[in-house]
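Engineer: Once you've had a glance at the structure underneath, I'll fire off some questions.
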Amino acid sequence: MRSKLAQVWVETVIYTLIALILIGTVLAFAKPKIEQLQDKALIEQSLEIMDSINSNVLNVVQGGPGNKRVIDIGLKKGSITIDGPSKMVYFKLEGTRSMYSEPGAAVMVGDVNVTTIKKAGNYDVTLTDSYPNYEIMYNGNPAGVKTVTKAPNPYKFVILNNGTDPTTGLLQINFEII
């Protein structure tokens with residue numbers, strides 16, 4: 001009688017271990033793929049953010065001097081940089097498992113330039129929107145550069161048309177974060 005009871009417990013433990021091993025094996029293969037799909041979705045959302053920034057820049061340009069727009073931008077991963085001297089706004093996601101475009105090749109998705117760089121088994125993806133016909137500023141400074149990173153709450157970006165700069169003849173687009 002005792003040997004049958006012991007056998008039941010041994011079988012229960014063995015079946016439980018086999019089930020745990022199978023679950024662990026499935027997770028070992030599925031988790032990287034899930035993370036890759038999450039990163040791809042994040043890049044797609046970031047492209048939408050870049051499109052939103054671009055459409056708001058175009059709206060303030062069409063609205064004339066003094067026109068401004070406020071947009072909420074939530075970042076779960078990566079960073080957005082407003083680079084006045086380079087006249088660019090770019091989003092950078094480092095260490096992603098998703099190869100969004102061919103590594104080393106620049107690809108245009110709408111008005112956004114997408115560049116993927118392979119680094120140590122992962123990828124760095126940069127989304128760049130360039131504004132060569134405007135003077136991009138941060139807090140009224142043409143030499144201003146501001147990088148914002150992931151945060152639990154969305155950032156409030158203010159995009160303002162400051163009119164034409166008399167020295168350069170370029171339309172000044174000012175970014176602020178409130």
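Naming scheme: A, B, ... for chains in displayed order of the structure tokens; residues 1 onward per chain; ligands 1 onward as shown.
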Any idea what's packed within 12 Å of Ala120 in chain A, counting only C-alpha atoms, ignoring anything in its chain fewer than 2 positions away? Could you give it as a PyMOL selection string?
Structural biologist: chain A and resi 94-97+117-118+122-124
Engineer: Output the selection as a JSON list (two decimals), in the first residue's frame - N, CA and C atoms for each residue.
Structural biologist:
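Done, and the output landed in result_15.json:
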```json
[["chain", "number", "residue", "atom", "x", "y", "z"],
["A", 94, "GLU", "N", 17.30, 52.72, -28.75],
["A", 94, "GLU", "CA", 18.53, 51.92, -28.71],
["A", 94, "GLU", "C", 18.25, 50.54, -28.13],
["A", 95, "GLY", "N", 18.97, 49.55, -28.64],
["A", 95, "GLY", "CA", 18.89, 48.20, -28.10],
["A", 95, "GLY", "C", 17.60, 47.47, -28.39],
["A", 96, "THR", "N", 16.98, 47.77, -29.52],
["A", 96, "THR", "CA", 15.73, 47.09, -29.87],
["A", 96, "THR", "C", 16.04, 45.75, -30.55],
["A", 97, "ARG", "N", 15.13, 44.82, -30.43],
["A", 97, "ARG", "CA", 15.29, 43.53, -31.10],
["A", 97, "ARG", "C", 14.72, 43.57, -32.52],
["A", 117, "ILE", "N", 20.76, 50.67, -37.28],
["A", 117, "ILE", "CA", 22.17, 50.29, -37.14],
["A", 117, "ILE", "C", 22.23, 49.05, -36.25],
["A", 118, "LYS", "N", 22.97, 48.03, -36.72],
["A", 118, "LYS", "CA", 23.10, 46.79, -35.94],
["A", 118, "LYS", "C", 24.21, 46.98, -34.91],
["A", 122, "ASN", "N", 21.56, 43.49, -31.29],
["A", 122, "ASN", "CA", 20.36, 44.32, -31.26],
["A", 122, "ASN", "C", 20.49, 45.40, -32.32],
["A", 123, "TYR", "N", 19.52, 46.31, -32.34],
["A", 123, "TYR", "CA", 19.51, 47.38, -33.33],
["A", 123, "TYR", "C", 19.24, 48.71, -32.66],
["A", 124, "ASP", "N", 19.83, 49.76, -33.21],
["A", 124, "ASP", "CA", 19.50, 51.14, -32.85],
["A", 124, "ASP", "C", 18.71, 51.72, -34.02]]
```
Engineer: Contacts of Thr128 in chain A at 8 Å or less, counting only C-alpha atoms, minus same-chain residues fewer than 6 places along, as an MDAnalysis selection string?
Structural biologist: chainID A and resid 88:91 112:114
Engineer: Could you dump the residues just selected with N, CA and C atoms as a PDB file, in the first residue's frame?
Structural biologist:
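Here's the written file result-v6.pdb:
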```
ATOM      1  N   MET A  88      16.746  69.703 -36.962  1.00  0.00           N
ATOM      2  CA  MET A  88      16.125  68.384 -36.997  1.00  0.00           C
ATOM      3  C   MET A  88      15.398  68.083 -35.695  1.00  0.00           C
ATOM      4  N   VAL A  89      14.441  67.188 -35.810  1.00  0.00           N
ATOM      5  CA  VAL A  89      13.805  66.561 -34.653  1.00  0.00           C
ATOM      6  C   VAL A  89      13.960  65.069 -34.900  1.00  0.00           C
ATOM      7  N   TYR A  90      14.492  64.355 -33.908  1.00  0.00           N
ATOM      8  CA  TYR A  90      14.648  62.923 -34.123  1.00  0.00           C
ATOM      9  C   TYR A  90      14.311  62.100 -32.890  1.00  0.00           C
ATOM     10  N   PHE A  91      13.870  60.884 -33.169  1.00  0.00           N
ATOM     11  CA  PHE A  91      13.545  59.896 -32.143  1.00  0.00           C
ATOM     12  C   PHE A  91      14.578  58.793 -32.244  1.00  0.00           C
ATOM     13  N   VAL A 112       9.666  61.072 -42.858  1.00  0.00           N
ATOM     14  CA  VAL A 112      10.609  60.674 -41.811  1.00  0.00           C
ATOM     15  C   VAL A 112      11.667  59.736 -42.387  1.00  0.00           C
ATOM     16  N   ASN A 113      12.926  60.049 -42.084  1.00  0.00           N
ATOM     17  CA  ASN A 113      14.053  59.228 -42.494  1.00  0.00           C
ATOM     18  C   ASN A 113      14.303  58.190 -41.401  1.00  0.00           C
ATOM     19  N   VAL A 114      14.250  56.906 -41.751  1.00  0.00           N
ATOM     20  CA  VAL A 114      14.450  55.818 -40.789  1.00  0.00           C
ATOM     21  C   VAL A 114      15.804  55.174 -41.053  1.00  0.00           C
TER      22      VAL A 114
END
```
Engineer: Could you list, as a list in words, every residue within 12 Å of range 66-69 of chain A, counting only C-alpha atoms and ignoring same-chain residues fewer than 5 positions away?
Structural biologist: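 The residues that qualify are Ser52, Ile53, Asn54, Ser55, Asn56, Val57, Leu58, Asn59, Val60, Val61, Lys156, Phe157, Val158, Ile159, Leu160, Asn161, Asn162, Gly163, Thr164, Leu171, Gln172, Ile173, Asn174, Phe175, Glu176 and Ile177 of chain A.
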Engineer: Calculate how many Å separate CA of Gly121 in chain A from CA of Lys146 in chain A, rounding to one decimal.
Structural biologist: 29.1 Å
Engineer: Could you find all residues in range 23-161 of chain A that DSSP calls strand (DSSP E) from the backbone, and write them as a PDB file with N, CA and C atoms, in the first residue's frame?
Structural biologist:
```
ATOM      1  N   LYS A  68       0.403  78.871 -32.486  1.00  0.00           N
ATOM      2  CA  LYS A  68       1.049  77.800 -31.728  1.00  0.00           C
ATOM      3  C   LYS A  68       0.125  76.613 -31.558  1.00  0.00           C
ATOM      4  N   ARG A  69       0.740  75.471 -31.347  1.00  0.00           N
ATOM      5  CA  ARG A  69       0.030  74.218 -31.101  1.00  0.00           C
ATOM      6  C   ARG A  69       0.655  73.548 -29.885  1.00  0.00           C
ATOM      7  N   VAL A  70      -0.185  72.875 -29.107  1.00  0.00           N
ATOM      8  CA  VAL A  70       0.284  72.100 -27.961  1.00  0.00           C
ATOM      9  C   VAL A  70      -0.087  70.647 -28.224  1.00  0.00           C
ATOM     10  N   ILE A  71       0.905  69.766 -28.137  1.00  0.00           N
ATOM     11  CA  ILE A  71       0.635  68.340 -28.339  1.00  0.00           C
ATOM     12  C   ILE A  71       1.211  67.544 -27.178  1.00  0.00           C
ATOM     13  N   ASP A  72       0.511  66.476 -26.830  1.00  0.00           N
ATOM     14  CA  ASP A  72       0.981  65.561 -25.792  1.00  0.00           C
ATOM     15  C   ASP A  72       1.754  64.436 -26.461  1.00  0.00           C
ATOM     16  N   ILE A  73       2.948  64.173 -25.930  1.00  0.00           N
ATOM     17  CA  ILE A  73       3.778  63.108 -26.471  1.00  0.00           C
ATOM     18  C   ILE A  73       4.194  62.194 -25.327  1.00  0.00           C
ATOM     19  N   SER A  79      14.080  58.144 -26.930  1.00  0.00           N
ATOM     20  CA  SER A  79      14.173  59.576 -26.634  1.00  0.00           C
ATOM     21  C   SER A  79      13.867  60.387 -27.884  1.00  0.00           C
ATOM     22  N   ILE A  80      13.367  61.602 -27.656  1.00  0.00           N
ATOM     23  CA  ILE A  80      13.142  62.561 -28.741  1.00  0.00           C
ATOM     24  C   ILE A  80      14.077  63.734 -28.500  1.00  0.00           C
ATOM     25  N   THR A  81      14.767  64.157 -29.560  1.00  0.00           N
ATOM     26  CA  THR A  81      15.691  65.283 -29.467  1.00  0.00           C
ATOM     27  C   THR A  81      15.271  66.371 -30.438  1.00  0.00           C
ATOM     28  N   ILE A  82      15.213  67.592 -29.921  1.00  0.00           N
ATOM     29  CA  ILE A  82      15.002  68.781 -30.749  1.00  0.00           C
ATOM     30  C   ILE A  82      16.383  69.390 -30.907  1.00  0.00           C
ATOM     31  N   ASP A  83      16.879  69.412 -32.137  1.00  0.00           N
ATOM     32  CA  ASP A  83      18.251  69.848 -32.400  1.00  0.00           C
ATOM     33  C   ASP A  83      18.224  71.094 -33.282  1.00  0.00           C
ATOM     34  N   MET A  88      16.746  69.703 -36.962  1.00  0.00           N
ATOM     35  CA  MET A  88      16.125  68.384 -36.997  1.00  0.00           C
ATOM     36  C   MET A  88      15.398  68.083 -35.695  1.00  0.00           C
ATOM     37  N   VAL A  89      14.441  67.188 -35.810  1.00  0.00           N
ATOM     38  CA  VAL A  89      13.805  66.561 -34.653  1.00  0.00           C
ATOM     39  C   VAL A  89      13.960  65.069 -34.900  1.00  0.00           C
ATOM     40  N   TYR A  90      14.492  64.355 -33.908  1.00  0.00           N
ATOM     41  CA  TYR A  90      14.648  62.923 -34.123  1.00  0.00           C
ATOM     42  C   TYR A  90      14.311  62.100 -32.890  1.00  0.00           C
ATOM     43  N   PHE A  91      13.870  60.884 -33.169  1.00  0.00           N
ATOM     44  CA  PHE A  91      13.545  59.896 -32.143  1.00  0.00           C
ATOM     45  C   PHE A  91      14.578  58.793 -32.244  1.00  0.00           C
ATOM     46  N   LYS A  92      15.111  58.365 -31.102  1.00  0.00           N
ATOM     47  CA  LYS A  92      16.114  57.304 -31.106  1.00  0.00           C
ATOM     48  C   LYS A  92      15.698  56.206 -30.138  1.00  0.00           C
ATOM     49  N   LEU A  93      15.711  54.982 -30.630  1.00  0.00           N
ATOM     50  CA  LEU A  93      15.418  53.802 -29.825  1.00  0.00           C
ATOM     51  C   LEU A  93      16.643  52.902 -29.893  1.00  0.00           C
ATOM     52  N   GLU A  94      17.298  52.716 -28.752  1.00  0.00           N
ATOM     53  CA  GLU A  94      18.527  51.918 -28.707  1.00  0.00           C
ATOM     54  C   GLU A  94      18.246  50.537 -28.129  1.00  0.00           C
ATOM     55  N   GLY A  95      18.969  49.548 -28.642  1.00  0.00           N
ATOM     56  CA  GLY A  95      18.889  48.201 -28.099  1.00  0.00           C
ATOM     57  C   GLY A  95      17.599  47.468 -28.388  1.00  0.00           C
ATOM     58  N   THR A  96      16.977  47.767 -29.515  1.00  0.00           N
ATOM     59  CA  THR A  96      15.733  47.086 -29.868  1.00  0.00           C
ATOM     60  C   THR A  96      16.039  45.753 -30.554  1.00  0.00           C
ATOM     61  N   ALA A 106      19.378  54.265 -45.197  1.00  0.00           N
ATOM     62  CA  ALA A 106      18.333  55.223 -44.822  1.00  0.00           C
ATOM     63  C   ALA A 106      17.101  54.971 -45.687  1.00  0.00           C
ATOM     64  N   VAL A 107      15.948  54.884 -45.034  1.00  0.00           N
ATOM     65  CA  VAL A 107      14.686  54.631 -45.730  1.00  0.00           C
ATOM     66  C   VAL A 107      13.713  55.739 -45.359  1.00  0.00           C
ATOM     67  N   MET A 108      13.025  56.290 -46.357  1.00  0.00           N
ATOM     68  CA  MET A 108      12.026  57.319 -46.099  1.00  0.00           C
ATOM     69  C   MET A 108      10.661  56.665 -45.876  1.00  0.00           C
ATOM     70  N   VAL A 109      10.038  57.011 -44.748  1.00  0.00           N
ATOM     71  CA  VAL A 109       8.670  56.586 -44.455  1.00  0.00           C
ATOM     72  C   VAL A 109       7.879  57.880 -44.307  1.00  0.00           C
ATOM     73  N   VAL A 112       9.666  61.072 -42.858  1.00  0.00           N
ATOM     74  CA  VAL A 112      10.609  60.674 -41.811  1.00  0.00           C
ATOM     75  C   VAL A 112      11.667  59.736 -42.387  1.00  0.00           C
ATOM     76  N   ASN A 113      12.926  60.049 -42.084  1.00  0.00           N
ATOM     77  CA  ASN A 113      14.053  59.228 -42.494  1.00  0.00           C
ATOM     78  C   ASN A 113      14.303  58.190 -41.401  1.00  0.00           C
ATOM     79  N   VAL A 114      14.250  56.906 -41.751  1.00  0.00           N
ATOM     80  CA  VAL A 114      14.450  55.818 -40.789  1.00  0.00           C
ATOM     81  C   VAL A 114      15.804  55.174 -41.053  1.00  0.00           C
ATOM     82  N   THR A 115      16.638  55.109 -40.015  1.00  0.00           N
ATOM     83  CA  THR A 115      17.945  54.479 -40.116  1.00  0.00           C
ATOM     84  C   THR A 115      18.072  53.428 -39.021  1.00  0.00           C
ATOM     85  N   THR A 116      18.481  52.231 -39.410  1.00  0.00           N
ATOM     86  CA  THR A 116      18.699  51.143 -38.459  1.00  0.00           C
ATOM     87  C   THR A 116      20.176  50.791 -38.470  1.00  0.00           C
ATOM     88  N   ILE A 117      20.761  50.670 -37.276  1.00  0.00           N
ATOM     89  CA  ILE A 117      22.168  50.293 -37.136  1.00  0.00           C
ATOM     90  C   ILE A 117      22.231  49.053 -36.255  1.00  0.00           C
ATOM     91  N   LYS A 118      22.966  48.029 -36.724  1.00  0.00           N
ATOM     92  CA  LYS A 118      23.103  46.795 -35.943  1.00  0.00           C
ATOM     93  C   LYS A 118      24.209  46.981 -34.912  1.00  0.00           C
ATOM     94  N   LYS A 119      23.885  46.650 -33.645  1.00  0.00           N
ATOM     95  CA  LYS A 119      24.858  46.746 -32.552  1.00  0.00           C
ATOM     96  C   LYS A 119      24.700  45.554 -31.622  1.00  0.00           C
ATOM     97  N   ASN A 122      21.560  43.488 -31.289  1.00  0.00           N
ATOM     98  CA  ASN A 122      20.357  44.316 -31.263  1.00  0.00           C
ATOM     99  C   ASN A 122      20.489  45.403 -32.316  1.00  0.00           C
ATOM    100  N   TYR A 123      19.515  46.307 -32.336  1.00  0.00           N
ATOM    101  CA  TYR A 123      19.513  47.376 -33.329  1.00  0.00           C
ATOM    102  C   TYR A 123      19.236  48.714 -32.661  1.00  0.00           C
ATOM    103  N   ASP A 124      19.831  49.763 -33.215  1.00  0.00           N
ATOM    104  CA  ASP A 124      19.497  51.136 -32.846  1.00  0.00           C
ATOM    105  C   ASP A 124      18.714  51.717 -34.022  1.00  0.00           C
ATOM    106  N   VAL A 125      17.515  52.207 -33.754  1.00  0.00           N
ATOM    107  CA  VAL A 125      16.661  52.769 -34.807  1.00  0.00           C
ATOM    108  C   VAL A 125      16.509  54.261 -34.549  1.00  0.00           C
ATOM    109  N   THR A 126      16.774  55.073 -35.582  1.00  0.00           N
ATOM    110  CA  THR A 126      16.641  56.521 -35.483  1.00  0.00           C
ATOM    111  C   THR A 126      15.648  57.005 -36.536  1.00  0.00           C
ATOM    112  N   LEU A 127      14.664  57.777 -36.080  1.00  0.00           N
ATOM    113  CA  LEU A 127      13.676  58.396 -36.966  1.00  0.00           C
ATOM    114  C   LEU A 127      13.987  59.885 -37.000  1.00  0.00           C
ATOM    115  N   THR A 128      14.272  60.427 -38.174  1.00  0.00           N
ATOM    116  CA  THR A 128      14.705  61.815 -38.289  1.00  0.00           C
ATOM    117  C   THR A 128      13.772  62.602 -39.193  1.00  0.00           C
ATOM    118  N   ASP A 129      13.374  63.778 -38.713  1.00  0.00           N
ATOM    119  CA  ASP A 129      12.596  64.712 -39.523  1.00  0.00           C
ATOM    120  C   ASP A 129      13.414  65.993 -39.619  1.00  0.00           C
ATOM    121  N   SER A 130      13.792  66.354 -40.828  1.00  0.00           N
ATOM    122  CA  SER A 130      14.661  67.506 -41.051  1.00  0.00           C
ATOM    123  C   SER A 130      13.843  68.699 -41.550  1.00  0.00           C
ATOM    124  N   TYR A 134      13.505  75.993 -42.236  1.00  0.00           N
ATOM    125  CA  TYR A 134      13.079  76.689 -41.021  1.00  0.00           C
ATOM    126  C   TYR A 134      14.241  76.777 -40.048  1.00  0.00           C
ATOM    127  N   GLU A 135      14.156  77.747 -39.177  1.00  0.00           N
ATOM    128  CA  GLU A 135      15.124  77.843 -38.090  1.00  0.00           C
ATOM    129  C   GLU A 135      14.470  77.191 -36.868  1.00  0.00           C
ATOM    130  N   ILE A 136      14.939  76.001 -36.540  1.00  0.00           N
ATOM    131  CA  ILE A 136      14.382  75.253 -35.413  1.00  0.00           C
ATOM    132  C   ILE A 136      15.051  75.739 -34.133  1.00  0.00           C
ATOM    133  N   MET A 137      14.229  76.041 -33.123  1.00  0.00           N
ATOM    134  CA  MET A 137      14.754  76.562 -31.857  1.00  0.00           C
ATOM    135  C   MET A 137      14.154  75.783 -30.694  1.00  0.00           C
ATOM    136  N   TYR A 138      14.893  75.779 -29.593  1.00  0.00           N
ATOM    137  CA  TYR A 138      14.336  75.260 -28.349  1.00  0.00           C
ATOM    138  C   TYR A 138      14.384  76.389 -27.329  1.00  0.00           C
ATOM    139  N   VAL A 145      19.414  72.624 -27.892  1.00  0.00           N
ATOM    140  CA  VAL A 145      19.221  71.197 -28.114  1.00  0.00           C
ATOM    141  C   VAL A 145      18.566  70.643 -26.857  1.00  0.00           C
ATOM    142  N   LYS A 146      17.497  69.899 -27.037  1.00  0.00           N
ATOM    143  CA  LYS A 146      16.800  69.325 -25.887  1.00  0.00           C
ATOM    144  C   LYS A 146      16.448  67.877 -26.193  1.00  0.00           C
ATOM    145  N   THR A 147      16.798  66.993 -25.265  1.00  0.00           N
ATOM    146  CA  THR A 147      16.460  65.579 -25.382  1.00  0.00           C
ATOM    147  C   THR A 147      15.530  65.204 -24.244  1.00  0.00           C
ATOM    148  N   VAL A 148      14.423  64.568 -24.579  1.00  0.00           N
ATOM    149  CA  VAL A 148      13.502  64.065 -23.562  1.00  0.00           C
ATOM    150  C   VAL A 148      13.464  62.544 -23.674  1.00  0.00           C
ATOM    151  N   THR A 149      13.418  61.889 -22.519  1.00  0.00           N
ATOM    152  CA  THR A 149      13.438  60.432 -22.483  1.00  0.00           C
ATOM    153  C   THR A 149      12.118  59.908 -21.934  1.00  0.00           C
ATOM    154  N   TYR A 155       4.687  64.241 -22.184  1.00  0.00           N
ATOM    155  CA  TYR A 155       5.236  65.595 -22.252  1.00  0.00           C
ATOM    156  C   TYR A 155       4.255  66.470 -23.018  1.00  0.00           C
ATOM    157  N   LYS A 156       4.203  67.756 -22.671  1.00  0.00           N
ATOM    158  CA  LYS A 156       3.419  68.730 -23.433  1.00  0.00           C
ATOM    159  C   LYS A 156       4.408  69.561 -24.249  1.00  0.00           C
ATOM    160  N   PHE A 157       4.388  69.350 -25.549  1.00  0.00           N
ATOM    161  CA  PHE A 157       5.235  70.105 -26.460  1.00  0.00           C
ATOM    162  C   PHE A 157       4.444  71.295 -26.977  1.00  0.00           C
ATOM    163  N   VAL A 158       5.051  72.462 -26.949  1.00  0.00           N
ATOM    164  CA  VAL A 158       4.466  73.659 -27.549  1.00  0.00           C
ATOM    165  C   VAL A 158       5.288  73.964 -28.794  1.00  0.00           C
ATOM    166  N   ILE A 159       4.617  74.092 -29.928  1.00  0.00           N
ATOM    167  CA  ILE A 159       5.272  74.444 -31.187  1.00  0.00           C
ATOM    168  C   ILE A 159       4.729  75.806 -31.591  1.00  0.00           C
ATOM    169  N   LEU A 160       5.628  76.784 -31.742  1.00  0.00           N
ATOM    170  CA  LEU A 160       5.245  78.180 -31.953  1.00  0.00           C
ATOM    171  C   LEU A 160       5.936  78.754 -33.182  1.00  0.00           C
ATOM    172  N   ASN A 161       5.167  79.476 -34.000  1.00  0.00           N
ATOM    173  CA  ASN A 161       5.715  80.201 -35.143  1.00  0.00           C
ATOM    174  C   ASN A 161       6.148  81.575 -34.639  1.00  0.00           C
TER     175      ASN A 161
END
```
Engineer: Where does DSSP see helix (DSSP H, G or I) in chain A, if you list the residues as a ChimeraX atom specification?
Structural biologist: /A:2-63
